[in-house]
Amino acid sequence: MRKEKILVLDFGSQYTQLIARRVRENKVYSEIFPFNTRIEKIKNFNPKGIILSGGPSSVYDTKAPIPDSALFKLGIPVLGICYGMQLMAYLFEGKVVKAQKREYGKAEITVNNRIALFKGIPTKTIVWMSHGDRIEQCPSQFKPIAYTANSPIAAMANKKMGFYALQFHPEVVHTPRGFDILKNFLFKICGCTPTWTIKSFIDTATKEIKEKVRNKKVVCGISGGVDSAVTAVLVHRSIKDQLTCIFVDNGVLRAGEAKKVEDTLRRHFDMNIHCVDASERFLNKLYGIVDPEMKRKIIGNEFIKVFEEEAKKIKGVRFLAQGTLYPDVIESVPFKGPSATIKSHHNVGGLLKRMKLKLIEPLRELFKDEVRLLGKELGIPDEIINRHPFPGPGLAIRVIDEVTHERCDIVRKADAIVLEEIKKAGLYTELWQAFAVLLPVKSVGVMGDERTYENVIAVRAVKSLDGMTADWARIPYDIMGKISNRIINEVNGVNRVVYDISSKPPSTIEWE
Ligand code: XMP
């Protein structure tokens, strides 16, 4: 069966990815293309419907993003959201004006035309607005279908052509019936069927991997993180022992990490795993390095070298499997977080060329939450699926200043205590990350009758949705007390613990 697809054209809204995810939550596959995608590419993609996202521009800006208008001649239903609506009004010669009052936040719309898009939606319903310009006059081919106190035309439609437009954002949770409105667009207007599920994804992906790999061999680097684990398990499900996983212990991992990952994946899935203890190599290279970016480079480069040496030991390897996710490949997203750029640290480009390997990226189409669902479906244990993100350069960027064996040991022990207490308190899953940082200062303390002059550990715990912004977590004082007592009592060389109460921005999550 052909995969039914919805195309989301991106005009720069912070909610573009959310639109695509909402569509997928309805079991319809969707992808994001930049607003200026050529019409041939859109035709080839063959969508059942097109959604025009919002965006920060005004249609009157000199550099306003305008798509190829041939898109309205494809005979495919179109839903414009916010800027997408203003654009439709503008292109179809309605009247778009700069609103005197910017409408931002909650508003109540009144539905005044019971059209398919609003099937089952009450006449009055709350929606989330965020726009400057508004539409004062509908294009002649359109009819207004809803209004608010500030927007005489909060939604409009041309039923015959299948064109619909909303001034508000149906994709955000602040529009309580937004999900139903999107559902109406997908199923009543575009005629989609809800068939895109994680189960169907597994079937298709395993088949595709098998066809691509045939009888050749595949290597996959695993880090203990969810993306690489899910990639490995999915590829393994498809080609079994033709896959070999490589786990590199770089000496800056958390306590017991290497063994935990190896045990879990081997125990549950009986995979071939090569564990390489390269810790001395990495630590020797890192010795005396202070600059965080240098630390990252050294670890990235060394990883490639070790990985290549190991991969070369496996005869007949032709493919490298990698856990690239959809947010890393969307062309139109102008800013990517450090975790996206970091994949270029583990820059496998050279490796592919030198070893003549081809890439397999089975998660390329998925968002992070879909990868977690996939992992669950594949039977990967929760401790891997719900694991906090851990940066590639590991503890090296949590030992501020110079990295030494001893300083890594200190932060590793402190980190283990932080995580243990956070888990015991049942806080782990509500936090994005929690960890210890070793500061490059010493402080005076007193233990027994003796004056001490020792290290300071900073504890960092943050809540976040995607790592791009974060707020420091309000950990109950008694838990903080326990963490502090245990670190000072159990970790030699530490006599003070402080808690980091900075948000991102302006701070970052990591200290380096
Ligand atoms: P920052 O510190 O920039 O971190 O607020 C945002 C998220 O990215 C992670 N991070 C990294 N991940 N390599 C990685 O794989 C890195 O060099 C790196 N630096 C930061 C960080 O842990 C947080 O989740």
# chains A, B, ... in the order shown; residues from 1 in each chain; ligands from 1
call {"tool": "residues_around", "arguments": {"residues": "A:Val418", "least_positions_apart": "2", "cutoff": "10 Å", "atoms": "only C-alpha atoms", "output": "PyMOL selection string"}}
result
chain A and resi 412-416+420-424+434-436+459-461+479-480+482-484+486-487
call {"tool": "select_by_dssp", "arguments": {"residues": "stretch 112-333 of chain A", "states": "strand (DSSP E)", "output": "PyMOL selection string"}}
result
chain A and resi 124-137+143-147+155-158+163-166+217-221+243-249+272-277+317-321
call {"tool": "write_last_selection", "arguments": {"atoms": "N, CA and C atoms", "output": "CSV table (one decimal), in the first residue's frame"}}
result
chain,number,residue,atom,x,y,z
A,124,LYS,N,-18.8,28.2,19.9
A,124,LYS,CA,-17.8,29.0,20.6
A,124,LYS,C,-16.8,28.2,21.2
A,125,THR,N,-15.5,28.4,20.8
A,125,THR,CA,-14.4,27.6,21.4
A,125,THR,C,-13.2,28.5,21.5
A,126,ILE,N,-12.3,28.1,22.5
A,126,ILE,CA,-11.1,28.8,22.8
A,126,ILE,C,-10.0,28.4,21.8
A,127,VAL,N,-9.3,29.4,21.3
A,127,VAL,CA,-8.1,29.1,20.4
A,127,VAL,C,-6.9,29.9,20.8
A,128,TRP,N,-5.8,29.6,20.3
A,128,TRP,CA,-4.5,30.3,20.6
A,128,TRP,C,-4.2,31.2,19.4
A,129,MET,N,-4.1,32.5,19.6
A,129,MET,CA,-3.7,33.4,18.5
A,129,MET,C,-2.3,33.9,18.7
A,130,SER,N,-1.6,34.2,17.6
A,130,SER,CA,-0.3,34.8,17.7
A,130,SER,C,0.0,35.5,16.4
A,131,HIS,N,-0.6,36.6,16.1
A,131,HIS,CA,-0.4,37.2,14.8
A,131,HIS,C,-0.5,38.8,14.9
A,132,GLY,N,0.1,39.4,13.9
A,132,GLY,CA,0.1,40.9,13.8
A,132,GLY,C,-1.0,41.2,12.8
A,133,ASP,N,-0.7,40.9,11.5
A,133,ASP,CA,-1.6,41.2,10.4
A,133,ASP,C,-2.9,40.4,10.6
A,134,ARG,N,-3.9,41.0,10.0
A,134,ARG,CA,-5.2,40.2,10.0
A,134,ARG,C,-5.9,40.4,8.7
A,135,ILE,N,-6.9,39.6,8.5
A,135,ILE,CA,-7.6,39.7,7.2
A,135,ILE,C,-8.9,40.5,7.4
A,136,GLU,N,-9.1,41.5,6.6
A,136,GLU,CA,-10.2,42.4,6.8
A,136,GLU,C,-11.3,42.0,5.7
A,137,GLN,N,-10.8,41.5,4.6
A,137,GLN,CA,-11.8,41.1,3.6
A,137,GLN,C,-11.3,39.8,3.0
A,143,LYS,N,-15.1,32.1,1.7
A,143,LYS,CA,-16.1,32.5,2.6
A,143,LYS,C,-15.6,32.5,4.1
A,144,PRO,N,-15.9,33.6,4.8
A,144,PRO,CA,-15.5,33.5,6.2
A,144,PRO,C,-16.2,32.4,7.0
A,145,ILE,N,-15.5,31.7,7.9
A,145,ILE,CA,-16.2,30.6,8.6
A,145,ILE,C,-16.1,30.8,10.1
A,146,ALA,N,-15.4,31.7,10.6
A,146,ALA,CA,-15.3,32.0,12.0
A,146,ALA,C,-14.8,33.4,12.3
A,147,TYR,N,-15.1,34.0,13.4
A,147,TYR,CA,-14.6,35.3,13.8
A,147,TYR,C,-14.3,35.4,15.3
A,155,ALA,N,-11.2,32.6,10.3
A,155,ALA,CA,-11.1,31.4,9.5
A,155,ALA,C,-11.8,31.6,8.2
A,156,MET,N,-11.3,31.0,7.1
A,156,MET,CA,-12.1,31.1,5.9
A,156,MET,C,-11.9,29.8,5.0
A,157,ALA,N,-12.8,29.7,4.1
A,157,ALA,CA,-12.7,28.4,3.3
A,157,ALA,C,-13.2,28.6,1.9
A,158,ASN,N,-12.6,27.8,1.0
A,158,ASN,CA,-13.2,27.6,-0.3
A,158,ASN,C,-13.4,26.1,-0.5
A,163,PHE,N,-9.7,24.5,0.0
A,163,PHE,CA,-8.7,25.4,0.6
A,163,PHE,C,-9.4,26.0,1.9
A,164,TYR,N,-8.6,25.8,3.0
A,164,TYR,CA,-9.1,26.2,4.3
A,164,TYR,C,-8.0,27.0,5.0
A,165,ALA,N,-8.4,28.0,5.8
A,165,ALA,CA,-7.3,28.8,6.5
A,165,ALA,C,-7.8,29.2,7.9
A,166,LEU,N,-6.8,29.2,8.8
A,166,LEU,CA,-7.1,29.5,10.2
A,166,LEU,C,-6.2,30.6,10.7
A,217,LYS,N,27.6,-6.9,5.6
A,217,LYS,CA,27.6,-6.7,7.0
A,217,LYS,C,27.5,-5.2,7.4
A,218,VAL,N,27.0,-5.0,8.6
A,218,VAL,CA,26.7,-3.6,9.0
A,218,VAL,C,27.4,-3.4,10.4
A,219,VAL,N,27.9,-2.2,10.5
A,219,VAL,CA,28.4,-1.8,11.9
A,219,VAL,C,27.6,-0.6,12.4
A,220,CYS,N,27.5,-0.6,13.7
A,220,CYS,CA,26.7,0.5,14.3
A,220,CYS,C,27.4,0.9,15.7
A,221,GLY,N,27.6,2.2,15.8
A,221,GLY,CA,28.2,2.6,17.1
A,221,GLY,C,27.1,2.8,18.1
A,243,LEU,N,24.8,-7.8,11.8
A,243,LEU,CA,25.1,-6.5,12.4
A,243,LEU,C,26.1,-6.7,13.6
A,244,THR,N,27.1,-5.8,13.6
A,244,THR,CA,28.0,-5.8,14.8
A,244,THR,C,27.9,-4.4,15.4
A,245,CYS,N,27.7,-4.3,16.7
A,245,CYS,CA,27.7,-3.0,17.4
A,245,CYS,C,29.1,-2.7,18.0
A,246,ILE,N,29.5,-1.5,18.0
A,246,ILE,CA,30.7,-1.1,18.6
A,246,ILE,C,30.5,-0.1,19.7
A,247,PHE,N,30.9,-0.4,20.9
A,247,PHE,CA,30.8,0.5,22.0
A,247,PHE,C,32.2,0.9,22.4
A,248,VAL,N,32.4,2.2,22.4
A,248,VAL,CA,33.7,2.7,22.8
A,248,VAL,C,33.7,3.3,24.2
A,249,ASP,N,34.5,2.8,25.1
A,249,ASP,CA,34.6,3.4,26.4
A,249,ASP,C,35.7,4.4,26.3
A,272,ASN,N,25.7,-9.0,18.6
A,272,ASN,CA,27.2,-9.0,18.6
A,272,ASN,C,27.6,-7.6,19.1
A,273,ILE,N,28.3,-7.5,20.2
A,273,ILE,CA,28.7,-6.2,20.6
A,273,ILE,C,30.2,-6.2,20.9
A,274,HIS,N,30.9,-5.4,20.2
A,274,HIS,CA,32.4,-5.2,20.5
A,274,HIS,C,32.5,-4.1,21.5
A,275,CYS,N,33.0,-4.3,22.7
A,275,CYS,CA,33.3,-3.2,23.6
A,275,CYS,C,34.7,-2.9,23.6
A,276,VAL,N,35.1,-1.7,23.4
A,276,VAL,CA,36.5,-1.4,23.3
A,276,VAL,C,36.8,-0.4,24.4
A,277,ASP,N,37.8,-0.9,25.3
A,277,ASP,CA,38.2,0.0,26.3
A,277,ASP,C,39.3,0.9,25.8
A,317,VAL,N,32.3,-5.7,6.0
A,317,VAL,CA,31.4,-4.6,6.4
A,317,VAL,C,31.2,-3.7,5.2
A,318,ARG,N,30.0,-3.4,4.9
A,318,ARG,CA,29.7,-2.4,3.8
A,318,ARG,C,28.8,-1.3,4.2
A,319,PHE,N,28.2,-1.4,5.4
A,319,PHE,CA,27.3,-0.3,5.8
A,319,PHE,C,27.5,0.1,7.2
A,320,LEU,N,27.2,1.4,7.5
A,320,LEU,CA,27.3,2.0,8.8
A,320,LEU,C,25.9,2.4,9.2
A,321,ALA,N,25.4,1.9,10.3
A,321,ALA,CA,24.0,2.3,10.7
A,321,ALA,C,24.2,3.5,11.7
call {"tool": "atom_distance", "arguments": {"atom1": "atom CA of A:Trp511", "atom2": "atom CA of A:Ala473"}}
result
16.0 Å
call {"tool": "select_by_dssp", "arguments": {"residues": "stretch 21-165 of chain A", "states": "helix (DSSP H, G or I)", "output": "PyMOL selection string"}}
result
chain A and resi 21-25+39-45+69-73+83-91+116-118
call {"tool": "closest_residue", "arguments": {"among": "A:Val329, A:Leu439, A:Val498, A:Ile298", "to": "ligand 1", "atoms": "only C-alpha atoms and all ligand atoms"}}
result
A:Ile298
call {"tool": "closest_residue", "arguments": {"among": "A:Val78, A:Met447, A:Val235, A:Leu283", "to": "A:Asp409", "atoms": "only C-alpha atoms"}}
result
A:Leu283
call {"tool": "residues_around", "arguments": {"residues": "A:Tyr453", "least_positions_apart": "5", "cutoff": "8 Å", "atoms": "only C-alpha atoms", "output": "PDB file with C-alpha atoms, in the first residue's frame"}}
result
ATOM      1  CA  LYS A 442      38.847  24.942  46.011  1.00  0.00           C
ATOM      2  CA  SER A 443      37.081  25.933  49.146  1.00  0.00           C
ATOM      3  CA  VAL A 444      37.891  25.843  52.817  1.00  0.00           C
ATOM      4  CA  GLY A 445      35.999  23.439  55.022  1.00  0.00           C
ATOM      5  CA  ASN A 495      34.023  19.506  50.805  1.00  0.00           C
TER       6      ASN A 495
END
call {"tool": "closest_residue", "arguments": {"among": "A:Thr404, A:Ser507, A:Asn455, A:Asn485", "to": "A:Tyr287", "atoms": "only C-alpha atoms"}}
result
A:Thr404
